[in-house]
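Note: the block below is input.tsv and it holds TSV, C-alpha atoms.
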chain	number	residue	atom	x	y	z
A	299	MET	CA	104.55	29.10	124.64
A	300	LEU	CA	105.06	25.37	124.54
A	301	SER	CA	102.17	24.86	122.10
A	302	ARG	CA	103.66	27.50	119.83
A	303	THR	CA	107.03	25.71	119.86
A	304	ILE	CA	105.35	22.39	119.02
A	305	HIS	CA	103.44	24.03	116.17
A	306	GLU	CA	106.64	25.53	114.73
A	307	THR	CA	108.39	22.18	115.02
A	308	LEU	CA	105.59	20.46	113.12
A	309	MET	CA	105.86	23.07	110.43
A	310	MET	CA	109.52	22.12	109.97
A	311	LYS	CA	110.80	19.32	107.72
A	312	ARG	CA	114.02	17.37	108.05
A	313	VAL	CA	116.57	17.86	105.23
A	314	PRO	CA	119.96	15.99	105.08
A	315	SER	CA	123.09	18.16	104.97
A	316	ARG	CA	125.75	17.40	102.32
A	317	SER	CA	128.75	18.98	104.07
A	318	SER	CA	128.95	16.81	107.26
A	319	LEU	CA	131.62	13.99	107.62
A	320	CYS	CA	131.82	11.00	109.95
A	321	THR	CA	134.33	11.49	112.80
A	322	THR	CA	135.51	7.84	112.70
A	323	CYS	CA	135.89	6.95	109.01
A	324	ASN	CA	135.86	10.38	107.48
A	325	HIS	CA	132.90	9.38	105.21
A	326	PRO	CA	130.12	11.89	104.63
A	327	THR	CA	127.17	11.30	106.86
A	328	PRO	CA	123.84	13.06	106.48
A	329	LEU	CA	122.82	15.43	109.22
A	330	LEU	CA	119.26	16.25	109.86
A	331	LEU	CA	118.50	19.95	109.81
A	332	LEU	CA	115.23	21.61	110.67
A	333	VAL	CA	114.01	23.79	107.79
A	334	ARG	CA	110.84	25.90	108.00
A	335	ARG	CA	108.07	24.73	105.65
A	336	PRO	CA	106.92	27.50	103.29
A	337	PRO	CA	103.30	28.72	103.73
A	338	PRO	CA	100.68	27.76	101.10
A	339	PRO	CA	100.33	30.19	98.20
A	340	PRO	CA	97.62	32.85	98.64
A	341	ILE	CA	94.38	32.58	96.68
A	342	THR	CA	94.42	35.20	93.92
A	343	THR	CA	92.23	35.90	90.89
A	344	THR	CA	94.41	33.65	88.75
A	345	THR	CA	94.20	30.89	91.34
A	346	LEU	CA	90.42	31.27	91.49
A	347	GLY	CA	90.21	30.99	87.70
A	348	LEU	CA	92.33	27.85	87.76
A	349	ALA	CA	90.07	26.41	90.45
A	350	ARG	CA	86.98	27.09	88.32
A	351	THR	CA	88.65	25.44	85.36
A	352	TYR	CA	89.46	22.48	87.54
A	353	ALA	CA	85.87	22.28	88.80
A	354	SER	CA	84.41	22.45	85.28
A	355	LYS	CA	86.82	19.80	84.01
A	356	LYS	CA	86.03	17.61	86.98
A	357	LYS	CA	82.31	17.85	86.24
A	358	SER	CA	82.88	17.01	82.58
A	359	GLY	CA	85.15	14.10	83.50
A	360	GLY	CA	88.47	15.67	82.57
A	361	GLY	CA	90.07	14.80	85.89
A	362	LYS	CA	93.17	16.98	85.32
A	363	LYS	CA	94.90	18.52	88.31
A	364	VAL	CA	95.46	22.24	88.67
A	365	ALA	CA	98.95	23.09	89.88
A	366	GLY	CA	99.47	25.21	92.92
A	367	ILE	CA	96.15	24.50	94.72
A	368	SER	CA	95.72	21.96	97.48
A	369	SER	CA	92.70	19.69	97.70
A	370	SER	CA	91.35	21.52	100.74
A	371	SER	CA	91.67	24.88	98.96
A	372	LYS	CA	89.88	23.48	95.89
A	373	LYS	CA	87.07	22.13	98.04
A	374	GLY	CA	86.69	25.44	99.82
A	375	ILE	CA	86.65	27.38	96.54
A	376	GLN	CA	84.01	25.03	95.10
A	377	GLU	CA	81.81	25.49	98.19
A	378	GLU	CA	82.16	29.27	97.94
A	379	GLU	CA	81.22	29.16	94.25
A	380	GLU	CA	78.15	27.03	94.97
A	381	ASP	CA	77.09	29.45	97.71
A	382	GLU	CA	77.54	32.40	95.36
A	383	ASP	CA	75.55	30.69	92.60
A	384	TYR	CA	72.72	29.84	95.00
A	385	ALA	CA	72.67	33.37	96.39
A	386	GLY	CA	72.67	34.80	92.85
A	387	ARG	CA	69.80	32.59	91.74
A	388	LYS	CA	67.83	33.44	94.86
A	389	GLY	CA	68.47	37.14	94.40
A	390	LYS	CA	67.41	37.02	90.75
A	391	LYS	CA	64.26	35.13	91.68
A	392	LYS	CA	63.37	37.70	94.30
A	393	LYS	CA	64.17	40.53	91.95
A	394	GLY	CA	62.14	39.00	89.13
A	395	GLY	CA	59.23	38.28	91.44
A	396	GLY	CA	59.33	41.81	92.77
A	397	LYS	CA	59.39	43.20	89.25
A	398	ALA	CA	56.40	41.09	88.23
A	399	PHE	CA	54.56	42.20	91.36
A	400	GLU	CA	55.34	45.83	90.59
A	401	GLU	CA	54.12	45.36	86.99
A	402	ASP	CA	50.88	43.83	88.27
A	403	GLU	CA	50.40	46.80	90.60
A	404	ASP	CA	51.06	49.22	87.73
A	405	ASP	CA	48.52	47.39	85.54
A	406	ASP	CA	45.94	47.53	88.32
A	407	GLU	CA	46.57	51.23	88.82
A	408	ARG	CA	46.26	51.94	85.09
A	409	ALA	CA	43.06	49.88	84.90
A	410	GLY	CA	41.69	51.76	87.89
A	411	GLU	CA	42.57	55.09	86.30
A	412	THR	CA	40.91	54.05	83.02
A	413	GLU	CA	37.74	52.99	84.83
A	414	ALA	CA	37.67	56.10	87.02
A	415	ARG	CA	38.34	58.61	84.21
A	416	PHE	CA	35.47	60.78	82.97
A	417	ASP	CA	35.15	60.37	79.18
A	418	LEU	CA	33.21	63.25	77.59
A	419	LYS	CA	33.86	62.06	74.04
A	420	LEU	CA	32.09	58.78	74.72
A	421	LEU	CA	29.00	60.67	75.91
A	422	GLU	CA	29.12	62.92	72.85
A	423	ARG	CA	29.19	59.88	70.56
A	424	GLU	CA	26.07	58.51	72.26
A	425	MET	CA	24.32	61.86	71.76
A	426	ASP	CA	25.28	61.86	68.07
A	427	GLU	CA	23.89	58.35	67.69
A	428	ALA	CA	20.52	59.55	69.04
A	429	VAL	CA	20.48	62.37	66.46
A	430	THR	CA	21.39	59.94	63.67
A	431	ARG	CA	18.52	57.63	64.62
A	432	LEU	CA	16.19	60.61	64.43
A	433	ARG	CA	17.28	61.48	60.89
A	434	VAL	CA	16.68	57.89	59.76
A	435	ALA	CA	13.23	57.82	61.37
A	436	LEU	CA	12.15	61.10	59.74
A	437	LYS	CA	13.01	59.85	56.26
A	438	THR	CA	9.89	57.70	56.23
A	439	VAL	CA	7.78	60.63	57.46
A	440	VAL	CA	9.08	63.45	55.30
A	441	GLY	CA	9.48	61.14	52.28
A	442	ARG	CA	5.73	60.88	51.94
A	443	VAL	CA	5.44	64.48	50.74
A	444	GLY	CA	7.34	66.36	48.10
A	445	ARG	CA	9.53	64.45	45.71
A	446	VAL	CA	9.38	60.64	45.91
A	447	SER	CA	12.58	59.04	47.22
A	448	PRO	CA	13.69	55.40	47.66
A	449	ALA	CA	14.59	56.30	51.27
A	450	LEU	CA	10.85	56.10	52.01
A	451	LEU	CA	11.15	52.30	52.20
A	452	ASP	CA	14.32	52.16	54.33
A	453	GLY	CA	12.42	51.23	57.49
A	454	ILE	CA	10.53	48.28	56.01
A	455	LYS	CA	11.43	44.79	57.31
A	456	VAL	CA	10.73	41.58	55.40
A	457	ASP	CA	9.79	38.31	57.11
A	458	HIS	CA	11.59	35.40	55.44
A	459	GLU	CA	12.27	31.96	56.89
A	460	GLY	CA	11.53	33.10	60.43
A	461	THR	CA	13.77	36.19	60.40
A	462	ARG	CA	13.10	39.89	59.81
A	463	SER	CA	15.65	41.60	57.54
A	464	PRO	CA	15.83	45.00	55.79
A	465	LEU	CA	14.22	45.35	52.38
A	466	ASN	CA	17.54	46.09	50.65
A	467	GLU	CA	18.64	42.48	51.31
A	468	PHE	CA	15.84	41.21	49.06
A	469	ALA	CA	15.31	43.91	46.42
A	470	THR	CA	16.41	47.22	44.94
A	471	VAL	CA	14.25	50.36	45.04
A	472	THR	CA	14.21	52.99	42.27
A	473	VAL	CA	11.95	55.91	41.28
A	474	LYS	CA	9.56	55.42	38.34
A	475	ASP	CA	8.07	58.47	36.52
A	476	GLY	CA	8.85	60.75	39.48
A	477	LYS	CA	5.79	59.60	41.47
A	478	ASP	CA	6.04	55.79	41.87
A	479	LEU	CA	8.60	53.45	43.33
A	480	LEU	CA	9.83	50.36	41.48
A	481	VAL	CA	10.85	47.42	43.71
A	482	THR	CA	12.83	44.69	41.93
A	483	VAL	CA	13.54	41.51	43.92
A	484	TYR	CA	16.73	39.47	43.51
A	485	ASP	CA	14.87	36.16	43.29
A	486	GLU	CA	11.29	35.24	42.39
A	487	ALA	CA	10.94	33.47	45.77
A	488	TYR	CA	11.31	36.89	47.46
A	489	LEU	CA	8.39	38.46	45.59
A	490	LYS	CA	5.63	37.28	47.94
A	491	PRO	CA	7.28	38.19	51.30
A	492	VAL	CA	8.37	41.59	49.93
A	493	SER	CA	4.84	42.36	48.74
A	494	ALA	CA	3.41	41.35	52.15
A	495	ALA	CA	5.90	43.63	53.94
A	496	LEU	CA	4.89	46.61	51.76
A	497	TYR	CA	1.20	46.01	52.45
A	498	ALA	CA	1.78	45.75	56.21
A	499	SER	CA	3.80	48.99	56.46
A	500	PRO	CA	2.17	52.08	58.04
A	501	LEU	CA	2.70	54.03	54.81
A	502	SER	CA	-0.58	52.91	53.21
A	503	LEU	CA	1.19	51.40	50.20
A	504	THR	CA	-0.46	49.18	47.59
A	505	PRO	CA	2.22	47.31	45.58
A	506	GLN	CA	1.13	46.14	42.11
A	507	PRO	CA	2.75	43.59	39.76
A	508	HIS	CA	4.80	45.11	36.99
A	509	PRO	CA	3.32	44.31	33.55
A	510	HIS	CA	6.70	43.71	31.90
A	511	SER	CA	8.74	42.05	34.65
A	512	SER	CA	7.93	39.10	36.90
A	513	LEU	CA	10.54	40.24	39.46
A	514	SER	CA	9.29	43.83	39.89
A	515	LEU	CA	6.54	45.60	41.84
A	516	ARG	CA	5.20	49.07	41.12
A	517	VAL	CA	4.46	50.97	44.31
A	518	PRO	CA	2.38	54.19	43.95
A	519	VAL	CA	3.07	56.75	46.68
A	520	PRO	CA	-0.13	58.58	47.60
A	521	LYS	CA	0.05	62.29	48.31
A	522	PRO	CA	-1.21	63.09	51.82
A	523	ASP	CA	-4.07	65.56	52.25
A	524	TRP	CA	-4.03	68.51	54.68
A	525	ASP	CA	-5.19	66.47	57.68
A	526	LYS	CA	-2.67	63.75	56.93
A	527	ARG	CA	0.07	66.36	56.83
A	528	HIS	CA	-0.82	67.51	60.34
A	529	VAL	CA	-0.62	63.90	61.49
A	530	LEU	CA	2.83	63.58	59.93
A	531	VAL	CA	3.96	66.76	61.67
A	532	ARG	CA	2.88	65.31	65.02
A	533	GLN	CA	4.77	62.09	64.21
A	534	ALA	CA	7.88	64.10	63.40
A	535	GLY	CA	7.49	66.06	66.65
A	536	ASP	CA	7.21	62.83	68.67
A	537	ALA	CA	10.34	61.45	67.02
A	538	CYS	CA	12.26	64.65	67.79
A	539	GLU	CA	11.10	64.63	71.40
A	540	GLY	CA	12.33	61.04	71.74
A	541	ALA	CA	15.75	62.17	70.50
A	542	ARG	CA	15.82	65.02	73.04
A	543	VAL	CA	14.98	62.60	75.85
A	544	ALA	CA	17.80	60.30	74.76
A	545	VAL	CA	20.30	63.20	74.71
A	546	ARG	CA	19.22	64.41	78.17
A	547	ALA	CA	19.50	60.88	79.56
A	548	VAL	CA	23.10	60.78	78.40
A	549	ARG	CA	23.70	64.16	80.09
A	550	ALA	CA	22.20	62.92	83.37
A	551	ARG	CA	24.52	59.93	83.36
A	552	GLY	CA	27.43	62.24	82.63
A	553	VAL	CA	26.59	64.39	85.67
A	554	ARG	CA	26.68	61.31	87.89
A	555	GLU	CA	30.01	60.24	86.40
A	556	ILE	CA	31.49	63.67	87.10
A	557	LYS	CA	30.51	63.40	90.76
A	558	ASP	CA	31.97	59.90	91.04
A	559	LYS	CA	35.11	60.16	88.89
A	560	VAL	CA	36.29	63.78	89.04
A	561	GLY	CA	38.11	64.63	92.27
A	562	SER	CA	38.56	68.41	92.39
A	563	LYS	CA	35.63	70.84	92.35
A	564	ASP	CA	37.23	73.10	89.75
A	565	GLU	CA	37.77	70.23	87.34
A	566	GLY	CA	34.25	68.96	87.95
A	567	ARG	CA	32.83	72.43	87.26
A	568	SER	CA	34.83	72.64	84.03
A	569	GLU	CA	33.72	69.19	82.83
A	570	GLY	CA	30.12	70.04	83.72
A	571	LYS	CA	30.23	73.16	81.51
A	572	LYS	CA	31.61	71.10	78.63
A	573	LEU	CA	28.86	68.52	79.10
A	574	ASP	CA	26.15	71.22	79.11
A	575	ALA	CA	27.59	72.75	75.93
A	576	ALA	CA	27.60	69.33	74.19
A	577	THR	CA	24.00	68.72	75.29
A	578	LYS	CA	22.81	72.12	74.04
A	579	LYS	CA	24.52	71.57	70.69
A	580	ARG	CA	22.62	68.30	70.12
A	581	THR	CA	19.25	69.60	71.32
A	582	ASP	CA	19.61	72.63	69.04
A	583	GLU	CA	20.38	70.25	66.19
A	584	VAL	CA	17.21	68.29	66.96
A	585	ASP	CA	15.17	71.52	66.93
A	586	THR	CA	16.63	72.44	63.55
A	587	ILE	CA	15.76	69.01	62.13
A	588	PHE	CA	12.17	69.35	63.33
A	589	GLU	CA	11.73	72.79	61.77
A	590	GLN	CA	13.07	71.53	58.46
A	591	ALA	CA	10.75	68.52	58.53
A	592	LYS	CA	7.76	70.69	59.45
A	593	THR	CA	8.53	73.04	56.56
A	594	VAL	CA	8.60	70.15	54.09
A	595	LEU	CA	5.45	68.49	55.46
A	596	MET	CA	3.32	71.66	55.48
A	597	ASP	CA	4.52	72.94	52.10
A	598	GLU	CA	1.77	73.08	49.50

I need this file expressed as structure tokens, please.
Amino acid sequence: MLSRTIHETLMMKRVPSRSSLCTTCNHPTPLLLLVRRPPPPPITTTTLGLARTYASKKKSGGGKKVAGISSSSKKGIQEEEEDEDYAGRKGKKKKGGGKAFEEDEDDDERAGETEARFDLKLLEREMDEAVTRLRVALKTVVGRVGRVSPALLDGIKVDHEGTRSPLNEFATVTVKDGKDLLVTVYDEAYLKPVSAALYASPLSLTPQPHPHSSLSLRVPVPKPDWDKRHVLVRQAGDACEGARVAVRAVRARGVREIKDKVGSKDEGRSEGKKLDAATKKRTDEVDTIFEQAKTVLMDE
């Protein structure tokens, strides 16, 4: 009780009274009255804004005072603002770090899904590439019978300056009189290596200098006899069998990928049927190519 009275007394301030007179000389004498000191104003949104203005001006060197806020209140508000700023920066950092971590996890999951996914279209493209290689290889075999075609020389490589390059990089090939090929080089320096490549080919070619052009070679294409035709048919059959082996190798790898990358049995069974259908389509195509080549080679 006594401490409360002392506290209330300290909160009072002494104010002189104007209405008191001296009892001896009748002159006014000030009397000391105890008046309660008003409490400090509460901190509101407006007060907080003024404090922030004061803090910003103090940092920039303004040094102006904000009315209505004591120094202790200003200091407390500044400390609270610094704590809030620190907490906000820390929270943003954690949030940003968490977001980056989540993005990394999502990228890893997507990469894992891409690696673990069974891709039938990729296997089909590899099968088609095997069939395309077969068509190119049979051009040199089938081109030796029937009508002469420049495609007969597509597989020839020319040795020049230590590298082997296709013939079409050194010369053009055209048909002459329906039975010979005319090879015209781009430069006279290419004439000797091109002629050597034609001699060394397995097509039994004998290039001859053209009588009217120093940049051209006339290449007669001999017609194969009956025995040679049978040999060509066997060569075509070997090329087709190599294409079938390549297609089946792709299918075998696809079967392993289905076991490793497809989870459910129903989905694996469905993908396996699709893979078998794609394999049969390419092997049937190879069989058709062989029959067509055999018909051309054995035609009288």

- [ ] Between A:Arg415, A:Leu530, A:Glu539, A:Asp478, single out the one closest to Gln506 in chain A, counting only C-alpha atoms.
- [x]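 Under the stated criterion, the closest residue is A:Asp478.
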
Open item on the list: Using all atoms listed in the file - which residues lie no farther than 12 Å from the point (4.6, 57.5, 40.7) in the file's frame? Write them as a list in words.
Closed with: Arg442, Gly444, Arg445, Val446, Ser447, Pro448, Thr472, Val473, Lys474, Asp475, Gly476, Lys477, Asp478, Leu479, Leu480, Leu503, Thr504, Pro505, Gln506, Arg516, Val517, Pro518, Val519, Pro520 and Lys521 of chain A

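Going from CA of Asp426 in chain A to CA of Arg532 in chain A covers 22.9 Å.
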
Give me, as a Markdown table, each residue of range 451-551 of chain A that comes within 12 Å of range 556-562 of chain A, together with its shortest interatomic pair and the distance in Å at one decimal, counting all atoms listed in the file, with rows ordered by chain and rising residue number.
| residue | atom | partner | partner_atom | distance |
| --- | --- | --- | --- | --- |
| A:Arg549 | CA | A:Ile556 | CA | 10.5 |
| A:Ala550 | CA | A:Ile556 | CA | 10.0 |
| A:Arg551 | CA | A:Ile556 | CA | 8.7 |

Could the residues of range 405-500 of chain A that have an atom at most 12 Å from range 566-575 of chain A be listed as a tab-separated table, each with its closest atom pair and the distance in Å to one decimal, counting all atoms listed in the file and ordered by chain and ascending residue number?
residue	atom	partner	partner_atom	distance
A:Arg415	CA	A:Glu569	CA	11.6
A:Phe416	CA	A:Glu569	CA	8.6
A:Asp417	CA	A:Glu569	CA	9.7
A:Leu418	CA	A:Leu573	CA	7.0
A:Lys419	CA	A:Leu573	CA	9.6
A:Leu420	CA	A:Leu573	CA	11.2
A:Leu421	CA	A:Leu573	CA	8.5
A:Glu422	CA	A:Leu573	CA	8.4
A:Met425	CA	A:Leu573	CA	10.9

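Between CA of Arg431 in chain A and CA of Lys455 in chain A the interatomic distance comes to 16.4 Å.
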
TODO: Tell me, in Å to one decimal, how far CA of Val483 in chain A is from CA of Leu515 in chain A.
DONE: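 So the answer is 8.4 Å.
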